[in-house]
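As provided, work38.txt (compact mmCIF, C-alpha atoms) reads as follows.
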```txt
# COMPACT_ATOMS: atom_id res chain seq x y z
CA MET M 1 112.87 101.21 110.78
CA TYR M 2 110.72 100.98 107.71
CA ASP M 3 112.26 99.44 104.66
CA THR M 4 111.29 100.48 101.16
CA ASP M 5 109.25 97.33 100.51
CA LYS M 6 107.06 97.97 103.49
CA ILE M 7 106.66 101.62 102.54
CA PHE M 8 105.73 100.66 99.00
CA ASN M 9 103.10 98.20 100.19
CA GLU M 10 101.51 100.71 102.52
CA LEU M 11 101.72 103.46 99.95
CA ARG M 12 100.05 101.24 97.39
CA SER M 13 97.06 100.59 99.61
CA THR M 14 96.88 104.28 100.55
CA LEU M 15 96.92 105.38 96.89
CA ALA M 16 94.42 102.71 95.92
CA GLU M 17 92.01 103.82 98.61
CA LEU M 18 92.49 107.57 98.32
CA PHE M 19 92.24 107.76 94.54
CA GLU M 20 90.13 104.64 93.96
CA LEU M 21 92.83 103.10 91.79
CA ASP M 22 93.31 99.49 90.84
CA PRO M 23 96.32 98.38 92.94
CA ALA M 24 97.72 96.56 89.88
CA ARG M 25 98.31 99.94 88.23
CA ILE M 26 100.42 101.14 91.14
CA THR M 27 103.87 99.86 90.28
CA LEU M 28 107.21 101.36 91.26
CA ASP M 29 107.66 102.70 87.75
CA ALA M 30 104.19 104.23 87.45
CA ARG M 31 104.37 107.99 86.95
CA LEU M 32 102.13 109.82 89.39
CA SER M 33 100.68 112.43 87.08
CA GLU M 34 100.73 110.71 83.68
CA ASP M 35 99.88 107.14 84.67
CA LEU M 36 97.91 107.58 87.88
CA GLU M 37 96.38 110.99 87.11
CA ILE M 38 97.36 112.44 90.47
CA ASP M 39 97.45 116.24 90.10
CA SER M 40 98.66 119.04 92.35
CA ILE M 41 95.39 119.18 94.31
CA ASP M 42 95.53 115.42 94.83
CA ALA M 43 99.11 115.78 96.03
CA ILE M 44 97.83 118.06 98.81
CA ASP M 45 95.29 115.43 99.91
CA LEU M 46 98.02 112.82 99.74
CA MET M 47 100.33 114.94 101.95
CA ASP M 48 97.55 115.25 104.52
CA ARG M 49 97.13 111.51 104.57
CA LEU M 50 100.86 110.76 104.79
CA ARG M 51 101.20 113.19 107.66
CA ARG M 52 98.47 111.44 109.59
CA GLN M 53 99.77 107.98 108.73
CA THR M 54 103.38 108.61 109.67
CA GLY M 55 103.17 111.45 112.15
CA ARG M 56 105.93 113.20 110.17
CA LYS M 57 105.84 116.69 108.83
CA PHE M 58 105.69 116.15 105.12
CA SER M 59 105.77 119.20 102.97
CA ILE M 60 105.12 119.57 99.28
CA GLU M 61 108.69 120.86 99.00
CA SER M 62 110.14 117.49 99.96
CA PHE M 63 108.33 116.01 96.96
CA ARG M 64 109.30 118.58 94.35
CA SER M 65 111.37 116.17 92.30
CA VAL M 66 109.05 113.19 92.73
CA ARG M 67 107.84 111.81 89.38
CA THR M 68 107.23 108.10 89.93
CA VAL M 69 105.95 105.90 92.72
CA ARG M 70 109.57 104.82 93.27
CA ASP M 71 110.64 108.45 93.80
CA LEU M 72 107.82 108.87 96.29
CA VAL M 73 108.76 105.70 98.19
CA GLN M 74 112.36 106.92 98.41
CA ALA M 75 111.30 110.38 99.57
CA ILE M 76 109.10 108.89 102.28
CA HIS M 77 111.87 106.48 103.25
CA ALA M 78 114.31 109.36 103.66
CA LEU M 79 111.88 111.38 105.79
CA VAL M 80 110.70 108.51 107.97
CA ASN M 81 114.20 107.34 108.77
CA GLU M 82 115.53 110.81 109.36
CA GLY M 83 115.55 110.55 113.11
CA MET N 1 61.41 148.51 68.02
CA ALA N 2 62.26 144.98 68.96
CA LEU N 3 65.11 144.35 71.33
CA ALA N 4 67.40 141.41 70.74
CA VAL N 5 65.61 138.47 72.25
CA ASP N 6 67.51 135.35 71.42
CA THR N 7 71.21 135.01 71.77
CA PRO N 8 73.09 136.42 68.81
CA SER N 9 76.46 134.96 68.01
CA ILE N 10 79.52 137.07 68.63
CA ALA N 11 80.08 137.41 64.90
CA ALA N 12 76.56 138.80 64.48
CA ILE N 13 77.16 141.30 67.29
CA GLU N 14 80.42 142.42 65.71
CA ARG N 15 78.60 143.18 62.46
CA ARG N 16 75.84 145.15 64.13
CA PRO N 17 75.85 148.94 63.75
CA ILE N 18 77.13 150.69 66.83
CA ARG N 19 74.57 152.26 69.17
CA ASP N 20 73.84 152.91 72.86
CA LEU N 21 76.15 155.96 72.86
CA TYR N 22 79.12 153.98 71.65
CA TYR N 23 81.77 156.69 72.01
CA LEU N 24 80.52 157.75 75.43
CA ARG N 25 80.87 154.12 76.47
CA VAL N 26 84.47 154.03 75.28
CA VAL N 27 85.18 157.12 77.38
CA SER N 28 83.34 155.93 80.47
CA THR N 29 84.98 152.50 80.26
CA GLY N 30 88.39 154.20 80.10
CA LEU N 31 87.45 156.48 82.99
CA SER N 32 86.42 153.45 85.02
CA PHE N 33 89.90 151.99 84.62
CA LEU N 34 91.45 155.32 85.51
CA LEU N 35 89.25 155.61 88.61
CA PHE N 36 90.17 152.09 89.62
CA GLY N 37 93.86 152.89 89.40
CA VAL N 38 93.79 156.36 90.96
CA VAL N 39 91.20 155.73 93.67
CA GLY N 40 92.66 152.29 94.35
CA THR N 41 96.11 153.73 94.90
CA PHE N 42 94.74 156.52 97.10
CA LEU N 43 92.73 154.08 99.22
CA GLY N 44 95.72 151.78 99.54
CA VAL N 45 98.18 154.48 100.50
CA VAL N 46 95.94 156.74 102.60
CA ALA N 47 92.68 155.08 103.66
CA VAL N 48 93.91 151.58 104.48
CA PRO N 49 96.62 152.79 106.91
CA LEU N 50 94.03 155.01 108.62
CA LEU N 51 91.55 152.15 108.91
CA LEU N 52 94.26 149.89 110.28
CA ALA N 53 95.25 152.55 112.82
CA ILE N 54 91.82 152.47 114.47
CA PRO N 55 92.10 150.06 117.39
CA GLY N 56 90.46 146.68 117.13
CA SER N 57 91.19 143.00 116.69
CA ARG N 58 92.88 141.73 113.57
CA ALA N 59 89.54 140.44 112.32
CA ALA N 60 87.89 143.82 112.97
CA ARG N 61 90.58 145.69 111.05
CA ARG N 62 90.31 143.25 108.22
CA SER N 63 86.56 143.57 107.90
CA ARG N 64 86.89 147.36 108.03
CA VAL N 65 89.16 147.19 104.97
CA ARG N 66 86.79 144.76 103.26
CA ARG N 67 83.93 147.15 103.88
CA MET N 68 85.93 149.97 102.34
CA ILE N 69 86.70 147.87 99.26
CA ARG N 70 83.05 146.87 98.98
CA LEU N 71 81.86 150.47 99.12
CA ALA N 72 84.51 151.58 96.63
CA PHE N 73 83.53 148.79 94.24
CA ARG N 74 79.85 149.61 94.74
CA ALA N 75 80.64 153.18 93.71
CA LEU N 76 82.61 151.98 90.69
CA VAL N 77 79.76 149.68 89.60
CA GLY N 78 77.36 152.61 90.09
CA PHE N 79 79.60 154.83 87.97
CA MET N 80 79.79 152.26 85.17
CA ASN N 81 76.05 151.78 85.30
CA ARG N 82 75.13 155.48 85.34
CA THR N 83 77.56 156.44 82.61
CA GLY N 84 76.22 153.64 80.47
CA ALA N 85 79.39 151.53 80.27
CA ILE N 86 77.37 148.54 81.48
CA SER N 87 73.98 147.67 82.84
CA TYR N 88 73.52 144.92 85.38
CA ARG N 89 71.03 142.97 87.40
CA PHE N 90 72.05 140.98 90.46
CA SER N 91 69.30 138.70 91.70
CA GLY N 92 69.67 136.94 95.02
CA ALA N 93 72.61 138.97 96.32
CA GLU N 94 71.01 138.93 99.78
CA LEU N 95 71.69 135.17 99.92
CA LEU N 96 75.44 135.78 99.90
CA GLY N 97 77.74 136.54 102.80
CA LYS N 98 76.72 133.76 105.19
CA PRO N 99 79.23 132.30 107.66
CA GLY N 100 81.33 129.50 106.18
CA GLN N 101 79.79 130.07 102.76
CA LEU N 102 81.91 129.38 99.69
CA VAL N 103 80.60 131.53 96.85
CA ILE N 104 81.72 130.33 93.44
CA ALA N 105 81.22 132.03 90.10
CA ASN N 106 82.14 131.66 86.48
CA HIS N 107 84.52 134.25 85.11
CA PRO N 108 83.58 135.78 81.75
CA SER N 109 84.72 139.35 82.43
CA LEU N 110 87.44 141.34 84.11
CA ILE N 111 84.90 143.01 86.42
CA ASP N 112 83.13 139.88 87.75
CA ILE N 113 85.09 140.16 90.95
CA VAL N 114 84.24 143.85 91.24
CA LEU N 115 80.51 143.08 90.97
CA LEU N 116 80.72 140.23 93.47
CA ILE N 117 82.76 142.09 96.06
CA ALA N 118 80.47 145.09 95.65
CA PHE N 119 77.47 143.05 96.75
CA VAL N 120 78.76 140.41 99.18
CA PRO N 121 79.20 141.72 102.71
CA ASP N 122 82.47 140.99 104.52
CA ALA N 123 83.73 138.43 102.04
CA ALA N 124 87.28 137.33 101.44
CA CYS N 125 88.27 136.12 98.03
CA VAL N 126 90.89 134.20 96.15
CA VAL N 127 92.28 136.61 93.57
CA LYS N 128 94.94 136.31 90.96
CA ARG N 129 98.49 136.72 92.11
CA ALA N 130 98.99 139.69 89.81
CA ALA N 131 97.00 141.77 92.34
CA TRP N 132 99.99 141.54 94.69
CA ARG N 133 102.19 143.09 92.03
CA ASN N 134 99.75 145.85 91.10
CA PRO N 135 100.60 149.04 93.04
CA SER N 136 96.98 150.18 93.17
CA MET N 137 95.81 146.89 94.69
CA VAL N 138 98.60 145.36 96.73
CA ILE N 139 98.01 147.23 100.00
CA ALA N 140 94.25 146.68 100.00
CA VAL N 141 94.34 142.97 99.04
CA HIS N 142 96.91 142.38 101.72
CA ALA N 143 95.05 144.27 104.44
CA ALA N 144 91.72 142.66 103.49
CA GLY N 145 93.22 139.20 103.95
CA TYR N 146 92.55 138.10 100.39
CA ILE N 147 94.27 134.94 99.21
CA ALA N 148 96.57 134.68 96.18
CA ASN N 149 95.46 132.11 93.67
CA ALA N 150 97.72 129.11 93.02
CA PRO N 151 97.07 125.38 93.03
CA THR N 152 99.19 125.09 96.13
CA GLU N 153 98.84 123.74 99.60
CA SER N 154 99.19 127.21 101.03
CA MET N 155 96.20 128.53 99.04
CA ILE N 156 94.03 125.51 99.91
CA GLU N 157 94.98 125.77 103.58
CA GLN N 158 94.43 129.51 103.85
CA ALA N 159 91.08 129.25 102.09
CA SER N 160 89.97 126.36 104.30
CA ALA N 161 91.11 128.09 107.48
CA LEU N 162 89.12 131.16 106.55
CA LEU N 163 85.91 129.16 105.99
CA ASP N 164 86.56 127.23 109.20
CA THR N 165 86.48 130.44 111.19
CA GLY N 166 83.08 131.24 109.68
CA GLU N 167 84.05 133.75 107.04
CA CYS N 168 82.55 133.92 103.57
CA LEU N 169 84.89 133.25 100.65
CA ILE N 170 84.56 133.97 96.93
CA MET N 171 86.36 131.74 94.40
CA PHE N 172 86.39 131.44 90.62
CA PRO N 173 86.90 127.77 89.73
CA GLU N 174 87.75 128.71 86.15
CA GLY N 175 90.79 130.42 87.62
CA THR N 176 91.21 132.87 84.82
CA ARG N 177 88.85 134.76 82.55
CA THR N 178 87.22 132.56 79.98
CA VAL N 179 87.22 133.18 76.25
CA PRO N 180 83.69 133.58 74.83
CA ASP N 181 82.35 130.46 73.11
CA GLN N 182 85.36 128.41 74.22
CA PRO N 183 84.94 125.52 76.63
CA SER N 184 86.26 126.39 80.05
CA TYR N 185 88.15 124.31 82.55
CA PHE N 186 86.97 124.00 86.15
CA HIS N 187 89.99 123.79 88.44
CA ARG N 188 89.47 121.47 91.34
CA GLY N 189 90.90 123.86 93.94
CA ALA N 190 87.49 125.36 94.77
CA ALA N 191 85.86 121.93 95.08
CA SER N 192 88.74 120.76 97.25
CA VAL N 193 88.32 123.77 99.55
CA ALA N 194 84.56 123.09 99.65
CA ILE N 195 85.11 119.47 100.69
CA ARG N 196 87.57 120.52 103.37
CA ALA N 197 85.80 123.41 105.00
CA ALA N 198 82.70 124.95 103.43
CA ARG N 199 79.43 124.86 105.35
CA VAL N 200 77.60 125.60 102.15
CA VAL N 201 78.57 126.18 98.52
CA THR N 202 76.56 128.80 96.65
CA PRO N 203 76.93 129.22 92.89
CA VAL N 204 76.57 132.56 91.17
CA PHE N 205 75.89 132.43 87.45
CA ILE N 206 77.27 135.36 85.50
CA ASP N 207 76.02 135.97 82.01
CA VAL N 208 77.37 138.94 80.04
CA ARG N 209 75.71 139.82 76.75
CA PRO N 210 77.44 140.74 74.57
CA PRO N 211 80.85 139.58 75.85
CA HIS N 212 82.59 142.46 77.63
CA LEU N 213 86.11 142.89 79.02
CA SER N 214 86.74 139.30 78.13
CA LYS N 215 90.15 137.87 77.66
CA ALA N 216 90.09 138.02 73.88
CA VAL N 217 89.44 141.75 73.50
CA PRO N 218 91.20 144.95 74.65
CA TRP N 219 89.07 147.21 76.89
CA TYR N 220 88.66 150.06 74.39
CA ARG N 221 86.97 147.83 71.86
CA VAL N 222 83.64 148.13 73.61
CA PRO N 223 80.80 146.05 72.14
CA ALA N 224 78.46 147.61 69.57
CA ILE N 225 75.63 147.57 72.08
CA ARG N 226 75.74 148.22 75.85
CA PRO N 227 76.77 145.02 77.65
CA HIS N 228 74.36 143.70 80.24
CA TYR N 229 75.60 141.74 83.24
CA SER N 230 73.12 139.31 84.65
CA LEU N 231 74.17 137.74 87.95
CA SER N 232 71.91 135.19 89.54
CA VAL N 233 72.40 133.20 92.70
CA GLY N 234 71.69 129.48 92.40
CA PRO N 235 70.44 127.13 95.11
CA ASP N 236 72.83 126.25 97.95
CA ILE N 237 74.80 123.03 97.60
CA ASP N 238 75.47 121.02 100.75
CA PRO N 239 79.01 119.58 100.63
CA LEU N 240 78.26 117.10 103.44
CA PRO N 241 77.09 114.14 101.33
CA TYR N 242 80.25 114.41 99.22
CA ARG N 243 82.46 113.94 102.27
CA ASP N 244 81.67 110.22 102.53
CA GLY N 245 84.35 109.25 100.02
CA PRO N 246 88.10 109.93 100.14
CA PRO N 247 88.85 113.66 99.55
CA PRO N 248 90.29 113.37 96.01
CA VAL N 249 87.25 111.43 94.83
CA ALA N 250 84.87 113.76 96.68
CA SER N 251 86.38 116.89 95.16
CA ARG N 252 86.29 115.37 91.68
CA THR N 253 82.63 114.43 92.04
CA LEU N 254 81.68 117.85 93.41
CA ASN N 255 83.72 119.61 90.73
CA ALA N 256 82.01 117.62 87.97
CA TYR N 257 78.64 118.49 89.48
CA LEU N 258 79.49 122.20 89.67
CA LYS N 259 80.71 122.20 86.10
CA SER N 260 77.51 120.55 84.91
CA CYS N 261 75.41 123.12 86.83
CA TYR N 262 77.18 125.96 85.03
CA ALA N 263 76.96 124.25 81.67
CA SER N 264 73.23 123.71 81.95
CA VAL N 265 72.30 127.09 83.48
CA LEU N 266 74.41 129.25 81.20
CA ARG N 267 73.52 127.39 78.03
CA THR N 268 69.78 127.66 78.49
CA THR N 269 69.41 131.25 79.68
```
Would it be possible to restate this file's structure as structure tokens?
Amino acid sequence: MYDTDKIFNELRSTLAELFELDPARITLDARLSEDLEIDSIDAIDLMDRLRRQTGRKFSIESFRSVRTVRDLVQAIHALVNEG
Amino acid sequence: MALAVDTPSIAAIERRPIRDLYYLRVVSTGLSFLLFGVVGTFLGVVAVPLLLAIPGSRAARRSRVRRMIRLAFRALVGFMNRTGAISYRFSGAELLGKPGQLVIANHPSLIDIVLLIAFVPDAACVVKRAAWRNPSMVIAVHAAGYIANAPTESMIEQASALLDTGECLIMFPEGTRTVPDQPSYFHRGAASVAIRAARVVTPVFIDVRPPHLSKAVPWYRVPAIRPHYSLSVGPDIDPLPYRDGPPPVASRTLNAYLKSCYASVLRTT
């Protein structure tokens, strides 16, 4: 089982690589669109990557209410540990 | 008598005395809309079902409908041209319609899509969602396999899948009609689709002088002089070198490049 710390660490390196961000900016409280400038098109690229990384069927719908990195970590945690 | 050579500002055009059979142009512009609605509805209700009834694969039926739309739009463009509502020149149209080609264009006028579809063989396009709510368009856009515009995964995936199977796709990165003399925004959806699936990206530069059927003006306020549409096909852009980086970075870089191409070509012509 993945715990949230591990998910956060992996997510941070994924975001840093995919969007060429400074990892220091990627904190749990960082807002995806305002602070990290990740828009709806980026979210689609991110979904693709998460699907490949986890082998789970992520859909944009499962991230509707995601605003911050913490929300995203929790959403991934819920999906990964679903069964 | 000298024709207007340099580019007059919109304000200067507005002040100019009317000419080029102004009132006839109001009538023929109105008739063009009427034809679009009436013929469009007829084709959707009668012709599309007949075309779909002829046996063939799904792809064959689809391209039959696309051909019908292309011929209908060609006729509409011909009508607008002959009745003097517009004049146009499309240079390089023969370079469009290649397999896996993403054709992009700027979007100054309501009829840009009509002109493009009229001259690009067997192309699909991403069109505004309102087309699916318009009774004279819904049947045809559906049967032709056009894609509804939205910055969603479904749009990006449908568009990419279509290019992957070797079809030609038309997209307007500006998303919606631009307002004359206002800076436009290039949405990254087209660049993202290009990075994912296009074999080649071909820009079409549309210049309408004076502005016509733009967002700011109702259709019956036709310009003082006959509007001229100049469509020119730019050199192919190979998306391959952009694919080295991660997709979000690649689509941003390509989008910035496309935007700069349009800014430089349309400012200097």
Compute the chain M side of the contact with chain N at 8 Å, counting only C-alpha atoms, and hand it back as a PDB file with C-alpha atoms, in the coordinates of the input.
```pdb
ATOM      1  CA  GLU M  17      92.010 103.820  98.610  1.00  0.00           C
ATOM      2  CA  LEU M  18      92.490 107.570  98.320  1.00  0.00           C
ATOM      3  CA  PHE M  19      92.240 107.760  94.540  1.00  0.00           C
ATOM      4  CA  GLU M  20      90.130 104.640  93.960  1.00  0.00           C
ATOM      5  CA  SER M  40      98.660 119.040  92.350  1.00  0.00           C
ATOM      6  CA  ILE M  41      95.390 119.180  94.310  1.00  0.00           C
ATOM      7  CA  ASP M  42      95.530 115.420  94.830  1.00  0.00           C
ATOM      8  CA  ILE M  44      97.830 118.060  98.810  1.00  0.00           C
ATOM      9  CA  ASP M  45      95.290 115.430  99.910  1.00  0.00           C
ATOM     10  CA  ILE M  60     105.120 119.570  99.280  1.00  0.00           C
TER      11      ILE M  60
END
```
Please build the interface table for stretch 66-123 of chain N against stretch 205-208 of chain N with a cut-off of 9 Å, listing for each qualifying residue the nearest atom pair and the distance in Å to one decimal; count all atoms listed in the file, order rows by chain and increasing number, and write it as CSV.
```
residue,atom,partner,partner_atom,distance
N:Tyr88,CA,N:Val208,CA,8.9
N:Ile104,CA,N:Phe205,CA,8.6
N:Ala105,CA,N:Phe205,CA,6.0
N:Asn106,CA,N:Ile206,CA,6.2
N:His107,CA,N:Ile206,CA,7.3
N:Pro108,CA,N:Val208,CA,7.2
N:Ser109,CA,N:Val208,CA,7.7
N:Asp112,CA,N:Ile206,CA,7.7
```
Query raised in the report: Using all atoms listed in the file, which of M:Thr68, M:Met47, M:Glu82, M:Arg56 sits nearest M:Thr14?
Result: M:Met47
**Report entry** Interatomic distance, atom CA of N:Leu110 to atom CA of N:Thr176 (Å, one decimal)
**Finding:**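 Calculated distance between atom CA of N:Leu110 and atom CA of N:Thr176 is 9.3 Å.
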Report task. Would you list the residues near (108.4, 103.2, 93.3) (no more than 9 Å away, in the coordinates of the file, using all atoms listed in the file) as a PyMOL selection string? Result -> chain M and resi 4+8+26-31+68-74
Requested in this report: Tell me, in Å to one decimal, how far atom CA of N:Arg66 is from atom CA of N:Pro211.
Outcome: 28.5 Å
Query raised in the report: Counting only C-alpha atoms, which of M:Leu79, M:Lys6, M:Pro23, M:Arg12 gets nearest to M:Arg51?
Result: M:Leu79
Report task. Would you work out the distance separating atom CA of M:Leu46 from atom CA of N:Thr202, expressed in Å to one decimal? Result ->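 Atom CA of M:Leu46 sits 26.9 Å away from atom CA of N:Thr202.
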Query raised in the report: For N:Ala198, which residue among N:Ser28, N:Thr165, N:Thr178, N:Ser184 is the nearest when counting all atoms listed in the file?
Result: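 Comparing N:Ser28, N:Thr165, N:Thr178, N:Ser184 against N:Ala198, the winner is N:Thr165.
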Report task. Would you please work out which residue, of N:Leu169, N:Leu35, N:Val141, N:Met80, is nearest to N:Pro121 when using all atoms listed in the file? Result ->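 Closest to N:Pro121 of all the choices is N:Leu169.
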Requested in this report: Write out as a VMD selection string the residues lying within 7 Å of N:Ile147, counting all atoms listed in the file and excluding same-chain residues fewer than 6 positions away.
Outcome: chain N and resid 125 to 127 155
Query raised in the report: Smallest atom-to-atom distance to N:Ala197: which of N:Gly44, N:Gly100, N:Gly175, N:Pro223, using only C-alpha atoms?
Result: N:Gly100
Report task. Using all atoms listed in the file, determine which residues lie at most 8 Å from N:Pro227, disregarding the query and same-chain residues fewer than 6 positions distant; provide the list as a list in words. Result ->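 These residues fall inside the cut-off: Ala85, Ile86, Ser87, Val208, Arg209, Pro210, Pro211 and His212 of chain N.
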Requested in this report: Please provide the set of residues having any atom within 10 Å of N:Thr41, restricted to only C-alpha atoms, with same-chain residues fewer than 3 positions apart removed, written as a ChimeraX atom specification.
Outcome: /N:35-38,44-47,134-140
Output C-alpha atoms for every residue in that selection, as a PDB file, in the coordinates of the input.
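again_21.pdb, written as the output of this step:
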```
ATOM      1  CA  LEU N  35      89.250 155.610  88.610  1.00  0.00           C
ATOM      2  CA  PHE N  36      90.170 152.090  89.620  1.00  0.00           C
ATOM      3  CA  GLY N  37      93.860 152.890  89.400  1.00  0.00           C
ATOM      4  CA  VAL N  38      93.790 156.360  90.960  1.00  0.00           C
ATOM      5  CA  GLY N  44      95.720 151.780  99.540  1.00  0.00           C
ATOM      6  CA  VAL N  45      98.180 154.480 100.500  1.00  0.00           C
ATOM      7  CA  VAL N  46      95.940 156.740 102.600  1.00  0.00           C
ATOM      8  CA  ALA N  47      92.680 155.080 103.660  1.00  0.00           C
ATOM      9  CA  ASN N 134      99.750 145.850  91.100  1.00  0.00           C
ATOM     10  CA  PRO N 135     100.600 149.040  93.040  1.00  0.00           C
ATOM     11  CA  SER N 136      96.980 150.180  93.170  1.00  0.00           C
ATOM     12  CA  MET N 137      95.810 146.890  94.690  1.00  0.00           C
ATOM     13  CA  VAL N 138      98.600 145.360  96.730  1.00  0.00           C
ATOM     14  CA  ILE N 139      98.010 147.230 100.000  1.00  0.00           C
ATOM     15  CA  ALA N 140      94.250 146.680 100.000  1.00  0.00           C
TER      16      ALA N 140
END
```
Query raised in the report: Near stretch 60-64 of chain N, counting all atoms listed in the file, which residues have an atom at most 12 Å away, once you skip same-chain residues fewer than 6 positions from it, shown as JSON, numbers by chain?
Result: {"N": [47, 48, 49, 50, 51, 52, 53, 54, 70, 71, 121, 122, 123, 124, 139, 140, 141, 142, 143, 144, 145, 146, 167, 168]}
